[in-house]
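Comments concern the structure below.
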Amino acid sequence: MAAPTSGAARVLVASNRGPVTYTVGDDGTLHARRGGGGLVSGLSAIGPEADALWVCSALGDGDREAVRRGVGEPGVRMLDIPADVHADAYNGIANSVLWFVHHMLYQTPLEPVFDAGFRRQWAAYEAYNRAFAEALAAEAAEGAAVLVQDYHLALVPGMLRALRPDLRIGHFSHTPWAPPEYFRMLPDDIAGQLLRGMLGADRLGFLTGRWADAFRACCEAFVPGGTGDTAIGVHGLGADADFLRRRSHEPDVAERMAVLREQIGGAERRTIVRVDRTELSKNIVRGLLAYRELLAGYPEWRERVVHVAFAYPSRQDLAVYRAYMAEVRRLAAEINAEYGTEGWTPVLLHLEDDFARSLAAYRLADVALVNPIRDGMNLVAKEVPVVSDGGCALVLSREAGAWEELGEDAVGVNPYDVSATAEALRVGLEMSVGERGERTKRLAAAGTALPPARWFLDQLDALRA
Ligand code: F6P
């Protein structure tokens, strides 16, 4: 990516989390770690001559230190938003309110509580959105295209429109959108501000028709004039087949496959694999309960199957996420204590993030369990069929965005129905190798229909049209 000078960027991306993070080593040197994902592939696809700029937030002390030392990647501008403002905006509003609303996660007898503390955090969310809008306004060339990402930055389109009416502004939601009956839980003025903020964009993108419809319904219910002139599009982000096939055959993945095989034990043993960030919406606990019911109800599967569960830490600043992770650990240990034998550990739980090991598990999976309560898309459901060596049955929640594209060849589950999930796991385990193979081929084709680079370019073209 080229590094445009201020006021010269022709394509801008804005997101809370950027493509690089920094840590400070013991000797004071800065170490950069580059991330992947759809936006990274998309921006590399537009080529170096495009004058592209990615505006993101400094997230930790390492990032802040990098900004202060003037260290950075070409084409990336990190905003040093004060840590307390960022914490209130990100942990307080984005992760504890907006994420909960769109994924419908509240236990409503006691939450949410919209009080004076909430109003203080909301002011931080506004300030954080304003910092992005001002940076984008300063960096964008006349008529540039700006692609704003996610619920963290819902107010940016409206703020940026006021500062720079010449720009083409898009916004993309990587989450579900809440239906009006749930969205109306927000205080009226906040609900209106969020919707009007989004509608400052020329075009809004969603992962599925279902989330786009929910957004339209919220606008019709709460904004005079509904969605007005703002266009709405659906772009179902797919997995990156070329990258996954290449990466999953590198030596470090083979090494991890050998270790996993050893841990699973017994060449005939089947595997039920899940890989998630330990995110409240991923429903890992009910997945474990379903596996326990499978072992209880179908004793013939004892010793013959291992549940390989990778639950990587996420948002550990939030107590409710830490408690959830502890519950995952507790339940896995309980199942192992209840059913484990000398040579068989029923649940193989790993908590340290290791991409190569995730790919190794994808390759070995007989059944992939993807049972979120609600999920914007869920790329794991699309990635496993691409990488799987021998074909794998996909047990998939009908509440995942991926259900719209993969539902036909998956074994569907209501994510709240633990017994039905246990039954779906059994169906997956007992599916014939031939049928599994056929379904896996179709799932891989559907899951890679819109690769990340195309996903990004389609949005850019539509925004400019
Ligand atoms: O998966 C949905 C999503 O909104 C992604 O777009 C985004 O990267 C992520 O969740 C946010 O997670 P985090 O809080 O770890 O940055």
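In the structure tokens, each chain is lettered A, B, ... as it comes, each chain's residues begin at 1, and ligands are numbered from 1 in order of appearance.
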
Write out, as a tab-separated table, each residue of chain A that has an atom at most 8 Å from ligand 1, together with the closest pair of atoms and their distance in Å to one decimal, counting only C-alpha atoms and all ligand atoms, rows going by chain and rising number.
residue	atom	partner	partner_atom_place_in_ligand_line	distance
A:Asn16	CA	ligand 1	16 (O)	6.9
A:Arg17	CA	ligand 1	16 (O)	5.5
A:Tyr90	CA	ligand 1	14 (O)	7.8
A:Asn95	CA	ligand 1	14 (O)	6.9
A:Gln149	CA	ligand 1	6 (O)	7.3
A:Asp150	CA	ligand 1	4 (O)	5.9
A:Tyr151	CA	ligand 1	4 (O)	7.2
A:Ser173	CA	ligand 1	4 (O)	7.3
A:His174	CA	ligand 1	6 (O)	4.6
A:Thr175	CA	ligand 1	2 (C)	5.2
A:Ser314	CA	ligand 1	15 (O)	6.0
A:Arg315	CA	ligand 1	14 (O)	6.1
A:Asp375	CA	ligand 1	1 (O)	7.7
A:Gly376	CA	ligand 1	2 (C)	6.5
A:Met377	CA	ligand 1	1 (O)	7.7
A:Asn378	CA	ligand 1	1 (O)	7.4

Selection to disk with N, CA, C and O atoms, as a PDB file, in the first residue's frame:
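Once everything was written out, this is again-v6.pdb:
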ATOM      1  N   ASN A  16     -11.704   0.047  14.261  1.00  0.00           N
ATOM      2  CA  ASN A  16     -11.098   0.131  15.591  1.00  0.00           C
ATOM      3  C   ASN A  16      -9.767  -0.605  15.609  1.00  0.00           C
ATOM      4  O   ASN A  16      -8.739  -0.053  15.942  1.00  0.00           O
ATOM      5  N   ARG A  17      -9.797  -1.885  15.241  1.00  0.00           N
ATOM      6  CA  ARG A  17      -8.573  -2.699  15.249  1.00  0.00           C
ATOM      7  C   ARG A  17      -7.911  -2.575  13.886  1.00  0.00           C
ATOM      8  O   ARG A  17      -8.544  -2.824  12.866  1.00  0.00           O
ATOM      9  N   TYR A  90     -14.843   1.528  23.722  1.00  0.00           N
ATOM     10  CA  TYR A  90     -14.681   0.154  23.215  1.00  0.00           C
ATOM     11  C   TYR A  90     -15.285  -0.877  24.175  1.00  0.00           C
ATOM     12  O   TYR A  90     -16.172  -1.648  23.796  1.00  0.00           O
ATOM     13  N   ASN A  95     -18.508  -2.944  23.112  1.00  0.00           N
ATOM     14  CA  ASN A  95     -18.548  -4.368  23.472  1.00  0.00           C
ATOM     15  C   ASN A  95     -19.626  -4.727  24.494  1.00  0.00           C
ATOM     16  O   ASN A  95     -20.117  -5.852  24.502  1.00  0.00           O
ATOM     17  N   GLN A 149     -15.851   0.665   9.187  1.00  0.00           N
ATOM     18  CA  GLN A 149     -16.176  -0.699   9.596  1.00  0.00           C
ATOM     19  C   GLN A 149     -16.844  -0.763  10.964  1.00  0.00           C
ATOM     20  O   GLN A 149     -16.308  -0.222  11.939  1.00  0.00           O
ATOM     21  N   ASP A 150     -17.965  -1.413  11.016  1.00  0.00           N
ATOM     22  CA  ASP A 150     -18.478  -1.971  12.263  1.00  0.00           C
ATOM     23  C   ASP A 150     -19.129  -1.003  13.262  1.00  0.00           C
ATOM     24  O   ASP A 150     -19.073   0.202  13.122  1.00  0.00           O
ATOM     25  N   TYR A 151     -19.712  -1.641  14.283  1.00  0.00           N
ATOM     26  CA  TYR A 151     -20.484  -0.976  15.334  1.00  0.00           C
ATOM     27  C   TYR A 151     -19.658  -0.029  16.187  1.00  0.00           C
ATOM     28  O   TYR A 151     -20.222   0.843  16.845  1.00  0.00           O
ATOM     29  N   SER A 173     -21.204  -3.503   8.352  1.00  0.00           N
ATOM     30  CA  SER A 173     -21.443  -4.153   9.651  1.00  0.00           C
ATOM     31  C   SER A 173     -20.996  -5.610   9.576  1.00  0.00           C
ATOM     32  O   SER A 173     -21.527  -6.372   8.765  1.00  0.00           O
ATOM     33  N   HIS A 174     -20.048  -5.976  10.421  1.00  0.00           N
ATOM     34  CA  HIS A 174     -19.572  -7.365  10.450  1.00  0.00           C
ATOM     35  C   HIS A 174     -20.360  -8.199  11.466  1.00  0.00           C
ATOM     36  O   HIS A 174     -20.038  -9.367  11.682  1.00  0.00           O
ATOM     37  N   THR A 175     -21.321  -7.594  12.090  1.00  0.00           N
ATOM     38  CA  THR A 175     -22.143  -8.275  13.100  1.00  0.00           C
ATOM     39  C   THR A 175     -23.553  -8.462  12.532  1.00  0.00           C
ATOM     40  O   THR A 175     -23.881  -7.914  11.483  1.00  0.00           O
ATOM     41  N   SER A 314     -10.572 -13.677  24.348  1.00  0.00           N
ATOM     42  CA  SER A 314     -11.080 -12.483  23.671  1.00  0.00           C
ATOM     43  C   SER A 314     -11.615 -11.526  24.731  1.00  0.00           C
ATOM     44  O   SER A 314     -12.190 -11.959  25.730  1.00  0.00           O
ATOM     45  N   ARG A 315     -11.395 -10.245  24.535  1.00  0.00           N
ATOM     46  CA  ARG A 315     -11.985  -9.176  25.362  1.00  0.00           C
ATOM     47  C   ARG A 315     -11.864  -9.470  26.864  1.00  0.00           C
ATOM     48  O   ARG A 315     -12.854  -9.369  27.610  1.00  0.00           O
ATOM     49  N   ASP A 375     -24.619 -14.792  15.005  1.00  0.00           N
ATOM     50  CA  ASP A 375     -23.286 -14.470  14.495  1.00  0.00           C
ATOM     51  C   ASP A 375     -23.441 -13.761  13.159  1.00  0.00           C
ATOM     52  O   ASP A 375     -24.274 -14.174  12.339  1.00  0.00           O
ATOM     53  N   GLY A 376     -22.640 -12.704  12.944  1.00  0.00           N
ATOM     54  CA  GLY A 376     -22.727 -11.964  11.686  1.00  0.00           C
ATOM     55  C   GLY A 376     -22.577 -12.891  10.499  1.00  0.00           C
ATOM     56  O   GLY A 376     -23.423 -12.938   9.599  1.00  0.00           O
ATOM     57  N   MET A 377     -21.491 -13.675  10.482  1.00  0.00           N
ATOM     58  CA  MET A 377     -21.259 -14.651   9.414  1.00  0.00           C
ATOM     59  C   MET A 377     -20.811 -15.970  10.014  1.00  0.00           C
ATOM     60  O   MET A 377     -21.478 -16.973   9.963  1.00  0.00           O
ATOM     61  N   ASN A 378     -19.639 -15.986  10.595  1.00  0.00           N
ATOM     62  CA  ASN A 378     -18.871 -17.115  11.106  1.00  0.00           C
ATOM     63  C   ASN A 378     -18.043 -17.748   9.997  1.00  0.00           C
ATOM     64  O   ASN A 378     -18.511 -18.595   9.238  1.00  0.00           O
TER      65      ASN A 378
END

- Query: Quick one: residues within 8 Å of range 188-193 of chain A, only C-alpha atoms counted, chain neighbours fewer than 3 positions away excluded, as a PyMOL selection string?
  - Reply: chain A and resi 155+183-184+196-197+222-223

- Note on the structure: Counting only C-alpha atoms, closest pick from A:Cys56, A:Glu423, A:Asp63, A:Ala141 relative to Ala8 in chain A is A:Ala141

- Would you mind listing what lies within 8 Å of Leu244 in chain A as JSON, numbers by chain, with only C-alpha atoms counted and same-chain residues fewer than 5 positions away left out? {"A": [383, 386, 387]}

- Within 8 Å of Leu429 in chain A, counting only C-alpha atoms, which residues show up once you throw out same-chain ones fewer than 5 positions away? Write them as number ranges by chain, please. A: 270, 366-367, 393

- Query: DSSP on the backbone: what in range 276-444 of chain A comes out alpha helix (DSSP H), as an MDAnalysis selection string?
  - Reply: chainID A and resid 284:297 319:339 355:364 380:387 403:406 418:430 433:444

- Task: Find, counting only C-alpha atoms, the residue in A:Val275, A:Ala52, A:Ala361, A:Leu167 that gets nearest to Arg77 in chain A.
- Result: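 Checking each candidate against Arg77 in chain A, we get A:Ala52 as the closest.
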
- Quick one: DSSP strand (DSSP E or B) residues in range 123-299 of chain A, as a VMD selection string? chain A and resid 140 to 149 168 to 172 203 to 206 231 to 234 270 to 277

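Comparing the minimum interatomic distances between His307 in chain A and each of A:Asn414, A:Arg130, A:Trp122, A:Leu369, counting only C-alpha atoms, we find that A:Leu369 sits nearest.
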
- Message: Between A:Thr29, A:Ser15, A:Asn336, A:Asn91, which residue has the minimum interatomic distance to Ala58 in chain A, considering only C-alpha atoms?
- Response: A:Ser15

- When distances are computed from only C-alpha atoms, which of A:Asp202, A:Asp26, A:Glu142, A:Asp317 shows the smallest separation from Gly60 in chain A?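 Among A:Asp202, A:Asp26, A:Glu142, A:Asp317, it is A:Asp317 that comes nearest to Gly60 in chain A.
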
- Who sits within 12 Å of Arg164 in chain A, only C-alpha atoms, same chain under 4 positions skipped, as a list in words: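 Selected residues are Gly7, Ala133, Glu134, Ala135, Leu136, Ala137, Ala138, Glu139, Ala140, Ala141, Glu142, Gly143, Ala144, Ala145, Val146, Val156, Pro157, Gly158, Met159, Leu160, Arg168, Ile169, Gly200 and Ala201 of chain A.
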
- Item | Which residue of A:Trp177, A:Ser96, A:Glu334, A:Glu408 approaches Tyr321 in chain A most closely, using only C-alpha atoms |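 Checking each candidate against Tyr321 in chain A, we get A:Ser96 as the closest.
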
- Item | Contacts of Trp344 in chain A at 10 Å (only C-alpha atoms; same-chain gap of 5+ positions) as a ChimeraX atom specification | /A:263-266,269,302-306,336,339
